[in-house]
Structures are given as C-alpha cells and as structure tokens.
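S.K.: To be precise about what I am sending: the file is called my_file_7.csv and holds CSV, C-alpha atoms.
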```csv
chain,number,residue,atom,x,y,z
T,5,LYS,CA,-9.7,5.0,-24.4
T,6,PRO,CA,-6.7,2.8,-23.5
T,7,ARG,CA,-7.5,-0.5,-21.9
T,8,ALA,CA,-6.3,-1.4,-18.4
T,9,CYS,CA,-3.1,-3.6,-18.5
T,10,SER,CA,-5.0,-6.6,-17.1
T,11,ALA,CA,-7.9,-6.3,-19.6
T,12,ALA,CA,-8.2,-8.8,-22.4
T,13,GLN,CA,-10.0,-8.7,-25.7
T,14,PRO,CA,-12.5,-11.5,-26.6
T,15,GLY,CA,-10.5,-14.5,-27.8
T,16,GLU,CA,-7.2,-13.2,-26.5
T,17,ASN,CA,-4.9,-15.8,-25.0
T,18,LEU,CA,-4.4,-15.0,-21.3
T,19,ALA,CA,-1.6,-17.5,-21.1
T,20,VAL,CA,0.6,-15.1,-23.0
T,21,TYR,CA,2.6,-13.1,-20.4
T,22,PRO,CA,3.2,-10.3,-20.5
T,23,PRO,CA,0.1,-9.2,-22.4
T,24,ARG,CA,1.0,-8.4,-26.0
T,25,TRP,CA,-1.1,-5.2,-26.5
T,26,PRO,CA,1.1,-2.7,-24.5
T,27,LEU,CA,4.2,-3.7,-26.5
T,28,GLU,CA,2.3,-3.7,-29.8
T,29,ARG,CA,1.1,-0.2,-28.9
T,30,SER,CA,4.6,1.0,-28.2
T,31,ARG,CA,5.8,-0.7,-31.4
T,32,ARG,CA,3.4,1.4,-33.4
T,33,MET,CA,4.8,4.5,-31.8
T,34,CYS,CA,8.2,3.6,-33.0
T,35,TYR,CA,7.2,4.4,-36.5
T,36,LEU,CA,7.0,8.0,-35.4
T,37,GLY,CA,10.7,8.1,-34.4
T,38,LEU,CA,13.1,6.8,-31.8
T,39,PRO,CA,12.4,9.4,-29.0
T,40,LEU,CA,8.6,8.7,-29.1
T,41,CYS,CA,9.4,4.9,-29.2
T,42,ILE,CA,11.5,5.0,-26.0
T,43,ALA,CA,9.0,7.3,-24.2
T,44,ALA,CA,6.0,5.2,-25.1
T,45,THR,CA,7.6,2.0,-24.1
T,46,LEU,CA,8.7,3.3,-20.7
T,47,VAL,CA,5.3,4.9,-19.9
T,48,ILE,CA,3.3,1.9,-20.9
T,49,ILE,CA,5.4,-0.7,-19.1
T,50,SER,CA,5.6,1.4,-16.0
T,51,SER,CA,1.8,1.7,-15.9
T,52,CYS,CA,1.5,-2.1,-16.1
T,53,VAL,CA,3.9,-2.5,-13.2
T,54,HIS,CA,1.8,-0.2,-11.0
T,55,ALA,CA,-1.4,-1.9,-11.9
T,56,SER,CA,-0.1,-5.3,-10.9
T,57,ALA,CA,1.7,-4.2,-7.7
T,58,ALA,CA,-1.1,-2.6,-5.7
T,59,LEU,CA,-1.3,-2.7,-2.0
T,60,GLU,CA,-3.4,-5.4,-0.4
T,61,TRP,CA,-4.9,-5.3,3.1
T,62,GLN,CA,-7.1,-7.4,5.3
T,63,ASP,CA,-9.1,-6.5,8.5
T,64,CYS,CA,-8.1,-9.3,11.0
T,65,GLY,CA,-10.3,-7.9,13.8
T,66,LEU,CA,-12.0,-11.3,14.2
T,67,LEU,CA,-8.9,-12.3,16.2
T,68,SER,CA,-10.4,-10.2,19.0
T,69,ASP,CA,-12.9,-11.9,21.2
T,70,HIS,CA,-14.8,-8.6,21.2
T,71,PRO,CA,-14.0,-6.6,18.0
T,72,GLY,CA,-14.0,-2.9,18.7
T,73,ILE,CA,-13.0,-1.3,15.4
T,74,GLN,CA,-13.5,-2.2,11.8
T,75,LEU,CA,-10.9,-1.3,9.1
T,76,LEU,CA,-12.7,0.4,6.1
T,77,SER,CA,-9.8,1.5,3.9
T,78,TYR,CA,-6.1,1.5,3.7
T,79,LYS,CA,-3.9,3.0,1.0
T,80,HIS,CA,-0.4,4.3,0.2
T,81,GLU,CA,0.3,7.3,-2.0
T,82,PRO,CA,2.1,6.5,-4.3
T,83,ASP,CA,1.5,2.8,-4.6
T,84,PRO,CA,4.0,1.1,-4.8
T,85,ILE,CA,6.1,3.3,-2.6
T,86,VAL,CA,9.1,4.8,-4.5
T,87,LEU,CA,12.5,4.5,-2.8
T,88,GLY,CA,13.9,7.8,-1.6
T,89,GLU,CA,10.6,9.6,-2.2
T,90,PRO,CA,8.0,11.0,0.2
T,91,TYR,CA,4.8,9.0,0.7
T,92,ARG,CA,1.5,9.0,2.6
T,93,ILE,CA,-0.3,6.3,4.5
T,94,SER,CA,-4.1,6.7,5.0
T,95,ARG,CA,-6.5,4.6,7.0
T,96,THR,CA,-10.2,4.8,7.9
T,97,PHE,CA,-12.0,2.9,10.6
T,98,ARG,CA,-15.4,2.5,12.2
T,99,SER,CA,-15.9,2.0,15.9
T,100,LEU,CA,-18.0,-1.0,16.7
T,101,LEU,CA,-18.4,0.0,20.4
T,102,ASP,CA,-21.4,1.5,22.1
T,103,ALA,CA,-19.1,3.7,24.3
T,104,PRO,CA,-16.5,6.3,23.3
T,105,ILE,CA,-12.8,5.3,22.9
T,106,HIS,CA,-10.7,7.6,25.0
T,107,ASN,CA,-7.3,6.2,24.0
T,108,LEU,CA,-6.6,4.3,20.8
T,109,THR,CA,-3.1,2.7,20.7
T,110,GLU,CA,-1.3,0.7,18.0
T,111,ASP,CA,1.4,-1.9,18.2
T,112,PHE,CA,3.3,-2.3,14.8
T,113,ARG,CA,5.4,-5.2,13.4
T,114,GLY,CA,7.2,-5.0,10.1
T,115,TYR,CA,8.4,-7.8,7.8
T,116,VAL,CA,10.1,-8.2,4.5
T,117,ARG,CA,9.9,-11.2,2.1
T,118,ASP,CA,13.2,-12.8,1.2
T,119,GLY,CA,14.3,-14.5,-2.0
T,120,LYS,CA,12.9,-17.8,-0.7
T,121,GLY,CA,9.5,-16.3,-0.2
T,122,GLU,CA,9.8,-16.3,3.6
T,123,TRP,CA,8.7,-13.3,5.8
T,124,ASN,CA,11.5,-12.0,8.0
T,125,PHE,CA,10.9,-9.6,10.9
T,126,THR,CA,12.4,-6.2,10.4
T,127,PHE,CA,11.3,-3.8,13.2
T,128,SER,CA,8.6,-3.0,15.7
T,129,ASN,CA,7.1,0.2,17.0
T,130,GLY,CA,4.7,0.7,19.9
T,131,PRO,CA,2.5,0.6,21.5
T,132,PHE,CA,2.0,4.3,20.7
T,133,SER,CA,-1.1,6.5,20.9
T,134,ARG,CA,-3.2,7.3,17.8
T,135,CYS,CA,-4.9,10.0,19.8
T,136,GLY,CA,-3.6,13.6,19.6
T,137,ALA,CA,-2.9,16.5,17.2
T,138,LYS,CA,-0.1,15.1,15.1
T,139,ASP,CA,-0.7,13.9,11.5
T,140,TYR,CA,-0.5,10.2,12.4
T,141,GLN,CA,-3.1,10.8,15.1
T,142,THR,CA,-6.8,11.6,15.4
T,143,THR,CA,-8.9,13.7,17.9
T,144,CYS,CA,-10.1,11.7,20.9
T,145,PRO,CA,-12.4,10.6,22.5
T,146,LEU,CA,-13.8,8.8,19.5
T,147,ALA,CA,-17.6,8.8,19.6
T,148,ALA,CA,-19.4,5.5,19.8
T,149,ARG,CA,-20.1,3.9,16.4
T,150,SER,CA,-18.3,6.7,14.6
T,151,GLU,CA,-15.9,6.7,11.6
T,152,PHE,CA,-12.4,8.1,12.0
T,153,GLY,CA,-9.0,7.9,10.4
T,154,PHE,CA,-5.4,9.2,10.1
T,155,SER,CA,-3.3,10.2,7.2
T,156,GLU,CA,0.4,10.4,7.9
T,157,HIS,CA,3.1,11.9,5.7
T,158,HIS,CA,6.5,10.3,5.6
T,159,PRO,CA,9.3,12.6,4.1
T,160,SER,CA,11.3,9.7,2.7
T,161,THR,CA,11.7,5.9,2.8
T,162,HIS,CA,13.9,4.2,5.4
T,163,VAL,CA,14.0,1.1,3.1
T,164,SER,CA,17.0,1.1,0.7
T,165,GLU,CA,16.1,-1.8,-1.7
T,166,PRO,CA,13.0,-2.7,-3.8
T,167,GLY,CA,10.9,-5.6,-2.4
T,168,GLU,CA,7.7,-6.8,-0.8
T,169,HIS,CA,6.8,-5.9,2.7
T,170,ARG,CA,4.2,-6.8,5.3
T,171,SER,CA,2.9,-4.9,8.3
T,172,VAL,CA,0.8,-6.3,11.1
T,173,GLU,CA,-0.9,-3.6,13.1
T,174,HIS,CA,-2.7,-4.4,16.4
T,175,TYR,CA,-5.1,-1.8,17.8
T,176,TYR,CA,-6.2,-1.3,21.4
T,177,ALA,CA,-9.2,0.7,22.6
T,178,ASP,CA,-8.6,1.9,26.2
T,179,SER,CA,-6.0,-0.9,26.6
T,180,ARG,CA,-8.4,-3.7,25.3
T,181,PHE,CA,-7.5,-5.4,22.0
T,182,ALA,CA,-10.0,-4.1,19.5
T,183,GLY,CA,-8.8,-5.1,16.0
T,184,CYS,CA,-5.9,-5.5,13.6
T,185,ALA,CA,-4.8,-5.0,10.0
T,186,VAL,CA,-2.4,-7.0,7.8
T,187,VAL,CA,-1.0,-5.1,4.9
T,188,VAL,CA,1.2,-6.3,2.0
T,189,TYR,CA,2.8,-3.7,-0.1
T,190,LYS,CA,5.9,-3.0,-2.3
T,191,TYR,CA,8.8,-0.6,-2.6
T,192,GLU,CA,10.1,0.1,-6.1
T,193,ALA,CA,13.1,1.9,-7.5
T,194,ARG,CA,12.7,5.3,-9.0
T,195,LEU,CA,11.9,5.0,-12.7
T,196,PRO,CA,14.5,6.6,-15.0
T,197,ASP,CA,13.7,10.1,-16.2
T,198,VAL,CA,12.3,9.9,-19.7
T,199,ALA,CA,13.9,13.2,-20.7
T,200,ALA,CA,17.3,12.1,-19.5
T,201,THR,CA,16.9,8.8,-21.3
T,202,LEU,CA,16.3,10.7,-24.6
T,203,VAL,CA,19.5,12.7,-24.3
```
Now, as a test, write the supplied structure out as structure tokens.
M.R.:
Amino acid sequence: KPRACSAAQPGENLAVYPPRWPLERSRRMCYLGLPLCIAATLVIISSCVHASAALEWQDCGLLSDHPGIQLLSYKHEPDPIVLGEPYRISRTFRSLLDAPIHNLTEDFRGYVRDGKGEWNFTFSNGPFSRCGAKDYQTTCPLAARSEFGFSEHHPSTHVSEPGEHRSVEHYYADSRFAGCAVVVYKYEARLPDVAATLV
C-alpha cells in the first residue's frame, strides 16, 4: 500500500524537501517506458500537492458573548478548488441554544493573500438568510440543541488565478450574533490532461 506523501520511514531525513520517495517511485516506473514515466510522475506529484494543500477551518464562536452555534465540520469538494471547475461547500453545525432558531443569517467577508503574505479584502455578501429551500439553505426553525447543515453547489469559480484565500463568516440567530467561522483554502490551476501530455 503506498504511503501518504507526508509519511516518513524510520531514519528518513525529514529535512529533505520534497520527500525523496515519490520521485524515486516515478523513476522506477521510467524503466517501463516514457509514457508510464510521465504519467506516474504527474499522478504522484499531484497527489502530494493535494495532501499538503487541504482546507483549514476554525470555529471562532467564542467571539460571541453568548455562543449560539458550534461549527462541527467544513469542507470543499474538490480540495483545493480547481479553477474553472464546479465545486461544493459543505458545513455542519450544532445549536447551543435551548430555544429554536427561527432565522439564521450569515454575513460573509472574503480575502486573498498577496505576494507579501498580507490578506487583502476581495468582496462581501450579506447578511443573507440560511433558512429556506435552496441548496445553500436549511429548513427552519432549527430545533433547540439540534445539528444542521447546508451543502451548496457552485457551477464554476469566480476566481481566475491560483492562490490562497480566506473567508470570515459571521452567523446570527434571530438577529443575535451566535458564532463564526474562519476558513483558509486554495484555488489551483487545472492539471494537464495525462493523455494529452503523452501525445
């Protein structure tokens, strides 16, 4: 079974970057011919990039004096998001309130990291309701202490260049600040088609 890209064998020097084993593995494939050599190298290196570029999220609900929701999970499919391709964002939450939530709203702020490592504001959206029948919404009222979520589909990316992005999402339960999420994620260029590369 192949090892994960970040795994190291006993005694392996972790200071060597990138890890030697993926390239050694593709080098062995080169003995079987040039097409397999190219294909193996592209597949192995792309798997390493994905493993090291996963989305990161934090529940920042403690910013609220009275936290009302807890973020349980947050993911993108695919991760990283591929430029020009459709993608899905999924979140799950738990209500911390002893009463139902009749209207859950979100206020969104987006940022992109520049070449100096600074975060620059890109756009905002909201506040908008997360209650309803659309795919980015959920059925309300939300029962007290219940778990809920939304999974929204995006047909294509509005971003045109690869890079690192951050979203700050503030949530309000019946107009009262209930919690928030900070998410750092990446957009990447579409990988070259292996079949086309071999032509």
S.K.: Any idea what's packed within 8 Å of range 178-192 of chain T, counting only C-alpha atoms, ignoring anything in its chain fewer than 6 positions away? Could you give it as a VMD selection string?
M.R.: chain T and resid 57 to 68 70 to 75 83 to 87 105 to 109 163 165 to 172
S.K.: Name the residues in contact with Arg149 in chain T at a cut-off of 6 Å, using only C-alpha atoms, excluding same-chain residues fewer than 2 positions from it; report them as a ChimeraX atom specification.
M.R.: /T:99-101
S.K.: Please report the interatomic distance between CA of Pro159 in chain T and CA of Ala193 in chain T in Å with one decimal.
M.R.: 16.2 Å
S.K.: So what do you get for CA of Phe125 in chain T versus CA of Glu110 in chain T, distance-wise?
M.R.: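 CA of Glu110 in chain T lies at a distance of 17.5 Å from CA of Phe125 in chain T.
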S.K.: Under the rule that all atoms listed in the file are counted, which of T:Asp69, T:Glu89, T:Ser160, T:Lys79 is the nearest residue to Leu195 in chain T?
M.R.: T:Glu89
S.K.: Report, in Å with one decimal, the straight-line distance from CA of Asp111 in chain T to CA of Ser128 in chain T.
M.R.: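 Distance reported for this atom pair: 7.7 Å.
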S.K.: Pick from T:Ser133, T:Thr126, T:Pro196, T:Ile93: nearest to Ser155 in chain T, with all atoms listed in the file counted?
M.R.: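 Once distances to Ser155 in chain T are computed over all atoms listed in the file, the minimum belongs to T:Ile93.
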S.K.: Contacts of Ser94 in chain T at 8 Å or less, counting only C-alpha atoms, minus same-chain residues fewer than 5 places along, as a PyMOL selection string?
M.R.: chain T and resi 77-80+153-156
S.K.: Show me as a PyMOL selection string the residues that reach within 6 Å of (5.0, 7.2, -0.8), counting only C-alpha atoms and using the file's own coordinates.
M.R.: chain T and resi 81-82+85+90-92
S.K.: Counting all atoms listed in the file, which of T:His158, T:Leu76, T:Trp123, T:Cys144 gets nearest to Phe97 in chain T?
M.R.: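 Of T:His158, T:Leu76, T:Trp123, T:Cys144, the one nearest Phe97 in chain T, counting all atoms listed in the file, is T:Leu76.
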